[in-house]
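Asker: Structure incoming, see below.
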Amino acid sequence: MKISISALSIAYGLTPEALRYYEEKGLLSPVRAASSGFRSFTLEDVHRLGIIKSMQRQGFSLEEVRHIMTGCTQDELIALMDEKRAQMREQIALSRAIYDRLSAATDLLRDARGQTMQPRLCSGGAAYLLGFDSASKMWETVPKTPLLKALLDALPLTSYSTIAPLARLQGQEAALRSGICAPLEYLTAIRADFSQMAMSAGPRSVRVSFELSPPHRSTALPALAAAQSFMRERSLTPVSDGYTRQYAWFLGADGRKHQFEEWIIPVM
């Protein structure tokens, strides 16, 4: 049985050039007609092409497929498959984390009208923080700080943050800081050395969402004050730095920028 290159390319959604490339790599062995030079393929070629496509969908590169199909031990194949499974686990973890992040942002944005500037007590709330005296200091540090570059690369699982030092939450004089927060629930999907970062965590947290407006801290400060008043009224004690997390950003039909964030302050 002979199958033309056009029929095979249509069946697998490949261009004739791609099939010729597979031939050059030794993955397919079409027969050339002596009179015309046209290629035709056998059922064995069809079977091999099905394997190629299947393996590519599983994450194998064409070079890896070529190695497997032209000379590979069983142990080598097992090692390659284990490597692909590990890569897929990372991809699944990343997709899961991004989905959870999107869900949290959707929920907060949906409830923004009723919850904005309304502090509430929640369970948990933990993140790793990397703080700087100012946003400009942070950006000056980027070229020489691999950790910072890794955190920025991990957006949206990390976010730019305003950090309220514990001393300030306890009523002392302490300036707000700028930095990056990496929520604890996303750490399995972020490749970074968290030993260089400060942990902010407690059994519970006071949270207050707010809409950020320029100049940025003009709206972050009233939201922080509302959280502090809420803590005093309920005798809640802050146990580590508070921080903001970004959730949603969009340009409204009126041309005004809308950005929603949330203060999270771990408490006892």
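Just so we're on the same page: first chain in the structure tokens is A, next is B, and so on; residues restart at 1 for each chain, and ligands are numbered from 1 in the order they show up.
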So that I can check the surroundings of Asp153 of chain A, please list as a ChimeraX atom specification every protein, DNA and RNA residue that reaches within 12 Å of it, counting only C-alpha atoms and ignoring chain neighbours fewer than 4 positions away.
Answerer: /A:142,146-149,157-160,180,182,189-192
Asker: Kindly export the residues of the current selection with all heavy atoms, as a CSV table (one decimal), in the first residue's frame.
Answerer:
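Below you can see result_6.csv, which holds the result:
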chain,number,residue,atom,x,y,z
A,142,VAL,N,18.3,45.3,40.8
A,142,VAL,CA,18.0,44.2,39.9
A,142,VAL,C,19.2,43.6,39.1
A,142,VAL,O,19.4,42.4,39.2
A,142,VAL,CB,16.9,44.7,38.8
A,142,VAL,CG1,16.8,43.6,37.7
A,142,VAL,CG2,15.6,44.9,39.5
A,146,PRO,N,20.4,38.1,41.6
A,146,PRO,CA,19.7,37.0,41.0
A,146,PRO,C,18.3,36.7,41.6
A,146,PRO,O,17.4,36.4,40.9
A,146,PRO,CB,20.7,35.9,41.1
A,146,PRO,CG,22.0,36.5,41.2
A,146,PRO,CD,21.8,37.8,42.0
A,147,LEU,N,18.3,36.8,42.9
A,147,LEU,CA,17.0,36.5,43.6
A,147,LEU,C,15.9,37.4,43.1
A,147,LEU,O,14.8,37.0,42.8
A,147,LEU,CB,17.1,36.6,45.1
A,147,LEU,CG,15.8,36.5,45.9
A,147,LEU,CD1,15.1,35.2,45.7
A,147,LEU,CD2,16.1,36.8,47.4
A,148,LEU,N,16.2,38.7,43.0
A,148,LEU,CA,15.2,39.7,42.6
A,148,LEU,C,14.8,39.4,41.2
A,148,LEU,O,13.6,39.5,40.8
A,148,LEU,CB,15.7,41.1,42.8
A,148,LEU,CG,14.8,42.3,42.4
A,148,LEU,CD1,13.5,42.1,43.2
A,148,LEU,CD2,15.5,43.6,42.8
A,149,LYS,N,15.7,39.1,40.3
A,149,LYS,CA,15.4,38.8,38.9
A,149,LYS,C,14.5,37.5,38.8
A,149,LYS,O,13.6,37.5,38.0
A,149,LYS,CB,16.7,38.6,38.1
A,149,LYS,CG,17.4,39.9,37.9
A,149,LYS,CD,18.6,39.7,36.9
A,149,LYS,CE,19.8,39.1,37.7
A,149,LYS,NZ,21.0,39.0,36.8
A,157,LEU,N,2.8,35.2,40.0
A,157,LEU,CA,2.8,34.5,41.2
A,157,LEU,C,3.5,35.3,42.3
A,157,LEU,O,3.3,35.0,43.5
A,157,LEU,CB,3.4,33.1,41.1
A,157,LEU,CG,2.7,32.2,40.1
A,157,LEU,CD1,3.4,30.8,40.1
A,157,LEU,CD2,1.2,32.1,40.4
A,158,THR,N,4.3,36.2,42.0
A,158,THR,CA,4.8,37.2,42.9
A,158,THR,C,4.1,38.5,42.5
A,158,THR,O,3.5,38.6,41.5
A,158,THR,CB,6.3,37.3,42.9
A,158,THR,OG1,6.7,37.8,41.6
A,158,THR,CG2,6.9,36.0,43.2
A,159,SER,N,4.3,39.5,43.4
A,159,SER,CA,3.8,40.8,43.0
A,159,SER,C,4.5,41.9,43.7
A,159,SER,O,5.1,41.7,44.8
A,159,SER,CB,2.3,41.0,43.4
A,159,SER,OG,2.1,40.9,44.7
A,160,TYR,N,4.5,43.1,43.0
A,160,TYR,CA,5.1,44.3,43.7
A,160,TYR,C,4.3,44.6,45.0
A,160,TYR,O,3.1,44.4,45.0
A,160,TYR,CB,5.0,45.5,42.7
A,160,TYR,CG,5.8,45.3,41.5
A,160,TYR,CD1,5.1,45.2,40.2
A,160,TYR,CD2,7.2,45.2,41.4
A,160,TYR,CE1,5.8,45.0,39.1
A,160,TYR,CE2,7.9,45.1,40.3
A,160,TYR,CZ,7.2,44.9,39.1
A,160,TYR,OH,7.9,44.8,37.9
A,180,ILE,N,8.9,43.0,46.9
A,180,ILE,CA,8.2,41.9,46.2
A,180,ILE,C,7.7,41.0,47.3
A,180,ILE,O,8.4,40.7,48.2
A,180,ILE,CB,9.2,41.2,45.3
A,180,ILE,CG1,9.7,42.1,44.2
A,180,ILE,CG2,8.5,40.0,44.6
A,180,ILE,CD1,8.8,42.5,43.1
A,182,ALA,N,6.1,37.1,47.8
A,182,ALA,CA,5.9,35.7,47.2
A,182,ALA,C,5.0,34.9,48.1
A,182,ALA,O,5.5,34.4,49.1
A,182,ALA,CB,7.2,35.0,46.9
A,189,ALA,N,5.8,26.6,42.8
A,189,ALA,CA,5.9,26.9,41.4
A,189,ALA,C,6.8,28.1,41.1
A,189,ALA,O,7.0,28.5,40.0
A,189,ALA,CB,4.5,27.3,40.9
A,190,ILE,N,7.5,28.5,42.1
A,190,ILE,CA,8.5,29.6,41.9
A,190,ILE,C,9.9,29.1,42.2
A,190,ILE,O,10.2,28.6,43.3
A,190,ILE,CB,8.2,30.8,42.9
A,190,ILE,CG1,6.7,31.3,42.6
A,190,ILE,CG2,9.2,31.9,42.7
A,190,ILE,CD1,6.3,32.4,43.6
A,191,ARG,N,10.8,29.3,41.3
A,191,ARG,CA,12.2,28.9,41.5
A,191,ARG,C,13.0,30.1,42.0
A,191,ARG,O,13.3,31.0,41.2
A,191,ARG,CB,12.8,28.4,40.2
A,191,ARG,CG,12.1,27.1,39.7
A,191,ARG,CD,12.9,26.6,38.4
A,191,ARG,NE,12.4,25.3,38.0
A,191,ARG,CZ,12.9,24.7,37.0
A,191,ARG,NH1,13.9,25.2,36.3
A,191,ARG,NH2,12.4,23.5,36.6
A,192,ALA,N,13.2,30.1,43.3
A,192,ALA,CA,14.0,31.2,43.9
A,192,ALA,C,14.5,30.7,45.2
A,192,ALA,O,14.0,29.7,45.8
A,192,ALA,CB,13.1,32.4,44.1
Asker: DSSP says strand (DSSP E) for which residues of segment 21-231 of chain A? Put them as JSON, numbers by chain?
Answerer: {"A": [31, 32, 39, 40, 41, 120, 121, 122, 123, 127, 128, 129, 130, 131, 132, 159, 160, 161, 162, 163, 164, 177, 178, 179, 180, 181, 182, 183, 198, 199, 200, 204, 205, 206, 207, 208, 209, 210, 211, 212]}
Asker: Residues of segment 90-165 of chain A classed as alpha helix (DSSP H) by DSSP on the backbone are to be reported as a PyMOL selection string.
Answerer: chain A and resi 90-110+112-115+135-141+146-153
Asker: Here is a test: counting only C-alpha atoms, which residue of A:Leu14, A:Cys181, A:Ala164, A:Leu28 is nearest to Leu152 of chain A?
Answerer: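 Checking each of A:Leu14, A:Cys181, A:Ala164, A:Leu28 against Leu152 of chain A, counting only C-alpha atoms, the winner is A:Cys181.
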Asker: Between A:Leu166, A:Leu77, A:Ala174, A:Ala226, which is the closest to Pro238 of chain A once you count only C-alpha atoms?
Answerer: A:Leu166
Asker: Figure out the distance between atom CA of Lys25 of chain A and atom CA of Met1 of chain A, please, to one decimal in Å.
Answerer: 23.3 Å
Asker: Which polymer residues have any atom within 10 Å of an atom of Phe250 of chain A, counting only C-alpha atoms, with same-chain residues fewer than 5 positions away left out, as an MDAnalysis selection string?
Answerer: chainID A and resid 255:260
Asker: Skip segment 129-140 of chain A itself and residues of its chain fewer than 3 positions away, then list as a list in words all residues within 6 Å of it, counting only C-alpha atoms.
Answerer: Arg177, Ser178, Gly179, Ile180, Cys181, Met197 and Ala198 of chain A
Asker: Residues within 9 Å of segment 228-232 of chain A, please, as a list of chain:residue names. Count only C-alpha atoms; anything in the same chain fewer than 2 positions from it doesn't count.
Answerer: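 Listed by chain and then number, they are A:Pro119, A:Arg120, A:Leu169, A:Gln170, A:Val206, A:Ala223, A:Leu224, A:Ala225, A:Ala226, A:Arg234, A:Ser235, A:Leu236, A:Thr237, A:Pro238, A:Val267.
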Asker: How would the residues just chosen look if you wrote them out with N, CA, C and O atoms as a PDB file, in the first residue's frame?
Answerer:
ATOM      1  N   PRO A 119     -12.030  46.162  56.646  1.00  0.00           N
ATOM      2  CA  PRO A 119     -11.146  45.135  57.199  1.00  0.00           C
ATOM      3  C   PRO A 119     -11.919  43.904  57.636  1.00  0.00           C
ATOM      4  O   PRO A 119     -13.076  43.983  58.071  1.00  0.00           O
ATOM      5  N   ARG A 120     -11.269  42.742  57.529  1.00  0.00           N
ATOM      6  CA  ARG A 120     -11.886  41.490  57.945  1.00  0.00           C
ATOM      7  C   ARG A 120     -10.811  40.573  58.505  1.00  0.00           C
ATOM      8  O   ARG A 120      -9.648  40.686  58.134  1.00  0.00           O
ATOM      9  N   LEU A 169       3.479  48.787  62.583  1.00  0.00           N
ATOM     10  CA  LEU A 169       2.179  48.221  62.962  1.00  0.00           C
ATOM     11  C   LEU A 169       1.969  48.268  64.471  1.00  0.00           C
ATOM     12  O   LEU A 169       0.829  48.279  64.944  1.00  0.00           O
ATOM     13  N   GLN A 170       3.073  48.303  65.217  1.00  0.00           N
ATOM     14  CA  GLN A 170       2.996  48.374  66.686  1.00  0.00           C
ATOM     15  C   GLN A 170       2.973  49.810  67.194  1.00  0.00           C
ATOM     16  O   GLN A 170       3.021  50.042  68.390  1.00  0.00           O
ATOM     17  N   VAL A 206      -5.367  40.011  59.278  1.00  0.00           N
ATOM     18  CA  VAL A 206      -6.339  41.075  59.010  1.00  0.00           C
ATOM     19  C   VAL A 206      -6.106  41.506  57.572  1.00  0.00           C
ATOM     20  O   VAL A 206      -4.973  41.775  57.162  1.00  0.00           O
ATOM     21  N   ALA A 223      -6.033  52.663  53.935  1.00  0.00           N
ATOM     22  CA  ALA A 223      -6.387  51.251  54.091  1.00  0.00           C
ATOM     23  C   ALA A 223      -5.592  50.632  55.236  1.00  0.00           C
ATOM     24  O   ALA A 223      -6.125  49.841  56.031  1.00  0.00           O
ATOM     25  N   LEU A 224      -4.325  50.997  55.357  1.00  0.00           N
ATOM     26  CA  LEU A 224      -3.507  50.501  56.464  1.00  0.00           C
ATOM     27  C   LEU A 224      -4.029  51.026  57.800  1.00  0.00           C
ATOM     28  O   LEU A 224      -4.104  50.281  58.786  1.00  0.00           O
ATOM     29  N   ALA A 225      -4.418  52.293  57.829  1.00  0.00           N
ATOM     30  CA  ALA A 225      -4.970  52.874  59.058  1.00  0.00           C
ATOM     31  C   ALA A 225      -6.255  52.172  59.462  1.00  0.00           C
ATOM     32  O   ALA A 225      -6.502  51.923  60.647  1.00  0.00           O
ATOM     33  N   ALA A 226      -7.085  51.813  58.486  1.00  0.00           N
ATOM     34  CA  ALA A 226      -8.324  51.093  58.778  1.00  0.00           C
ATOM     35  C   ALA A 226      -8.022  49.726  59.375  1.00  0.00           C
ATOM     36  O   ALA A 226      -8.703  49.267  60.306  1.00  0.00           O
ATOM     37  N   ARG A 234     -10.249  45.034  68.359  1.00  0.00           N
ATOM     38  CA  ARG A 234     -10.420  43.602  68.662  1.00  0.00           C
ATOM     39  C   ARG A 234      -9.250  43.007  69.416  1.00  0.00           C
ATOM     40  O   ARG A 234      -9.154  41.788  69.568  1.00  0.00           O
ATOM     41  N   SER A 235      -8.367  43.862  69.878  1.00  0.00           N
ATOM     42  CA  SER A 235      -7.184  43.438  70.646  1.00  0.00           C
ATOM     43  C   SER A 235      -6.379  42.381  69.900  1.00  0.00           C
ATOM     44  O   SER A 235      -5.905  41.392  70.477  1.00  0.00           O
ATOM     45  N   LEU A 236      -6.200  42.611  68.617  1.00  0.00           N
ATOM     46  CA  LEU A 236      -5.399  41.708  67.794  1.00  0.00           C
ATOM     47  C   LEU A 236      -3.973  42.239  67.731  1.00  0.00           C
ATOM     48  O   LEU A 236      -3.762  43.446  67.567  1.00  0.00           O
ATOM     49  N   THR A 237      -3.016  41.351  67.851  1.00  0.00           N
ATOM     50  CA  THR A 237      -1.615  41.754  67.897  1.00  0.00           C
ATOM     51  C   THR A 237      -0.900  41.382  66.596  1.00  0.00           C
ATOM     52  O   THR A 237      -0.854  40.199  66.226  1.00  0.00           O
ATOM     53  N   PRO A 238      -0.343  42.362  65.896  1.00  0.00           N
ATOM     54  CA  PRO A 238       0.428  42.021  64.689  1.00  0.00           C
ATOM     55  C   PRO A 238       1.687  41.249  65.078  1.00  0.00           C
ATOM     56  O   PRO A 238       2.327  41.571  66.082  1.00  0.00           O
ATOM     57  N   VAL A 267      -1.655  38.254  62.349  1.00  0.00           N
ATOM     58  CA  VAL A 267      -1.948  38.633  63.728  1.00  0.00           C
ATOM     59  C   VAL A 267      -2.134  37.389  64.610  1.00  0.00           C
ATOM     60  O   VAL A 267      -2.365  36.282  64.121  1.00  0.00           O
TER      61      VAL A 267
END
Asker: From the options A:Leu27, A:Ile3, A:Ile265, A:Ile92, which residue's atoms come nearest to Gly125 of chain A, counting only C-alpha atoms?
Answerer: A:Ile265
Asker: For Leu109 of chain A, which residue among A:Ala227, A:Ala248, A:Leu62, A:Ile52 is the nearest when counting only C-alpha atoms?
Answerer: A:Ala248
Asker: Need the shell around Phe210 of chain A: protein/DNA/RNA residues with any atom at most 8 Å away, counting only C-alpha atoms. Skip same-chain ones fewer than 3 positions apart. Format as an mmCIF file with C-alpha atoms, in the first residue's frame?
Answerer:
data_model
loop_
_atom_site.group_PDB
_atom_site.id
_atom_site.type_symbol
_atom_site.label_atom_id
_atom_site.label_comp_id
_atom_site.auth_asym_id
_atom_site.auth_seq_id
_atom_site.Cartn_x
_atom_site.Cartn_y
_atom_site.Cartn_z
ATOM 1 C CA ALA A 112 -14.610 44.864 45.586
ATOM 2 C CA THR A 116 -13.178 47.913 49.697
ATOM 3 C CA MET A 117 -11.838 49.594 52.857
ATOM 4 C CA THR A 219 -4.751 55.200 49.111
ATOM 5 C CA ALA A 220 -2.583 52.500 50.686
ATOM 6 C CA ALA A 223 -6.387 51.251 54.091
ATOM 7 C CA PHE A 260 -7.046 46.681 43.315
ATOM 8 C CA GLU A 261 -4.755 45.546 46.097
ATOM 9 C CA GLU A 262 -5.077 44.105 49.580
#
Asker: Have a look at A:Ala175, A:Asp254, A:Glu23, A:Pro156 and name the one nearest to Arg101 of chain A; count only C-alpha atoms.
Answerer: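 Distance minimum relative to Arg101 of chain A lands on A:Pro156.
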Asker: Rounded to one decimal place, report the atom CA of Met88 of chain A-atom CA of Ser54 of chain A distance in Å.
Answerer: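 We find that atom CA of Met88 of chain A and atom CA of Ser54 of chain A lie 15.2 Å from each other.
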Asker: Do you have the atom CA of Arg39 of chain A-atom CA of Cys72 of chain A distance handy?
Answerer: 27.8 Å
Asker: A:Ser103, A:Ser209, A:Thr188, A:Ser200: which is nearest Tyr243 of chain A, counting only C-alpha atoms?
Answerer: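 Nearest to Tyr243 of chain A: A:Ser200.
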